[in-house]
Structure formats: structure tokens, C-alpha cells
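> One structure, as C-alpha cells, below. Some questions next.
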Amino acid sequence: MKHLDIAEVARRSGVPASTLRFYEEKGLIASTGRRGLRRLFDPGVLERLALIALGQVAGFSLDEIARMFAPDGRLRIERERLTAKAEELDGTIQRLVAMRDGLRHAAACSAPSHMECPHFRRIVRLAGAGRLDRPARRASWRSRGSRLDRQQGP
């Protein structure tokens, strides 16, 4: 198979050449040689870049993604890590849904001002306590069952 130079890899993958060089420094990808001053890559690098992009979209760090590749380049993803990331995403989704619902409530609330709305004041208290910006460790529902009424653990 014909090797691809860095410009072709950048064009096909949409990943800038500077990022490709950075990924190579981090050990995420490897060039197979050079043609003049340009790095050359095996065409399989395109699939590897797609896997790196998928990992980033899922919220994995580059170091975590690097550990998902065996020394021979094959994928070795720990299923427990995928489960943990899925649970982390569930928490993020719950917080975002709660924030969305709160914003919609605040936009439609009939209280004369937002600070006169008990629901909005509860959101402000939670934000002030730092409970809206981190993953929930424990959740319990208040009597009304509103998502923003959920209290997170310490």
C-alpha cells in the first residue's frame, strides 16, 4: 500500500498537520518514514485518527486514549473504563437536563422577578454550593420530583 504524507493525512482526516505531529510526540500515531521533510504514514492511520476523535468526543483524555492501544497498535479497550465513562456521561446528561429545565422554568415563570421564584432561588443556592458544576455522587428527589430539586451528595 502507498504511504500517505502528512499533508494527505491532514486533508483526508481533517486533523491539522500540527496536531498530527503532536499526536506523534504523544505516541498516539507513528510515522513510517519521511519523503524529504514530510512525514509518511501508513493508510491505517486514518482509522486510528477516527478512533482518537471518537475517544475525545466521548470525553476521554489523550492519555486515556493512548492506553487504549496495545504496543502492537491494536485496540485494547477495558470494558470497565467504558462503563465508568458511560456513567459519567449519564451524570453530565442529568445535570444538563436539569439546567435546561430550570432555564425554561425561569423563562416562563410568572413571579415578578426571578429572585422571587422559589424554584429559581433553589437553583441559585445549588449553584452557590457548587452542586451544579460537578458530577452527582448521590441523588435524592424532593417531594415535587423536579430535576432541579435533586440534591447532590457532598
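Within each chain, counting starts at residue 1; across the C-alpha cells, chains are named A, B, ... in the order shown, with ligands numbered 1 upward in that order.
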Enumerate as JSON, numbers by chain all residues of stretch 23-80 of chain A assigned to alpha helix (DSSP H) by DSSP on the backbone, naming them with the chain letters and numbers the document uses.
{"A": [23, 24, 25, 26, 45, 46, 47, 48, 49, 50, 51, 52, 53, 54, 55, 56, 57, 62, 63, 64, 65, 66, 79, 80]}
> Would you kindly return, as a ChimeraX atom specification, each protein, DNA or RNA residue with an atom no farther than 6 Å from any atom of A:Leu4, considering only C-alpha atoms and excluding same-chain residues fewer than 2 positions away?
/A:8,40-41
> Excluding stretch 19-34 of chain A and its own-chain neighbours fewer than 5 positions away, which residues fall within 9 Å of it when counting only C-alpha atoms? Please give them as a PyMOL selection string.
chain A and resi 3+5-6+9-10+39-42+45+48-49+52+62-63+65-66+69+73
> If you keep C-alpha atoms, can you produce a file of those selected residues as a compact mmCIF listing (two decimals), in the first residue's frame?

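Here's the written file again.txt:
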```
# COMPACT_ATOMS: atom_id res chain seq x y z
CA HIS A 3 2.10 5.60 2.27
CA ASP A 5 2.40 12.09 3.52
CA ILE A 6 1.37 14.31 6.40
CA VAL A 9 -3.36 12.60 6.12
CA ALA A 10 -4.33 16.10 7.27
CA ARG A 39 6.42 12.56 7.46
CA LEU A 40 4.88 9.48 5.89
CA PHE A 41 2.09 7.42 7.44
CA ASP A 42 0.54 4.04 6.78
CA VAL A 45 -3.50 5.97 10.48
CA ARG A 48 -6.64 5.35 14.20
CA LEU A 49 -7.31 9.10 13.96
CA ILE A 52 -8.88 9.06 18.66
CA LEU A 62 -5.43 11.79 25.13
CA ASP A 63 -3.51 9.85 27.79
CA ILE A 65 -6.89 7.12 24.61
CA ALA A 66 -3.20 6.24 24.30
CA PHE A 69 -3.88 0.94 22.13
CA GLY A 73 -1.19 -0.84 17.69
```
> Could you work out how far atom CA of A:Leu82 lies from atom CA of A:Ser13, giving the answer in Å with one decimal?
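Rounded to one decimal, the two atoms are 24.7 Å apart.
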> List every residue of chain A that DSSP, applied to the backbone, labels as strand (DSSP E), and write the result as an MDAnalysis selection string.
chainID A and resid 4:5 33:35 38:41 139:140 151:152
> Looking at only C-alpha atoms, which of A:Ala53, A:Ile77, A:Val124, A:Ala70 is the one that sits closest to A:Gly102?
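Of the candidates, the smallest distance to A:Gly102 is held by A:Val124.
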> State, in Å with one decimal place, the distance from atom CA of A:Arg100 to atom CA of A:Met115.
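Between these atoms lies a distance of 18.0 Å.
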> Report as number ranges by chain all protein, DNA and RNA residues lying within 8 Å of A:Met68, evaluated on only C-alpha atoms, omitting residues in the same chain fewer than 4 positions from it.
A: 64, 75-78
> Can you write just those residues out, C-alpha atoms, as a PDB file, in the first residue's frame?

```
ATOM      1  CA  GLU A  64      -6.545   7.614  28.355  1.00  0.00           C
ATOM      2  CA  LEU A  75      -7.186  -1.700  20.231  1.00  0.00           C
ATOM      3  CA  ARG A  76      -7.422  -2.872  23.855  1.00  0.00           C
ATOM      4  CA  ILE A  77     -10.258  -1.013  25.491  1.00  0.00           C
ATOM      5  CA  GLU A  78     -11.112  -2.010  29.049  1.00  0.00           C
TER       6      GLU A  78
END
```
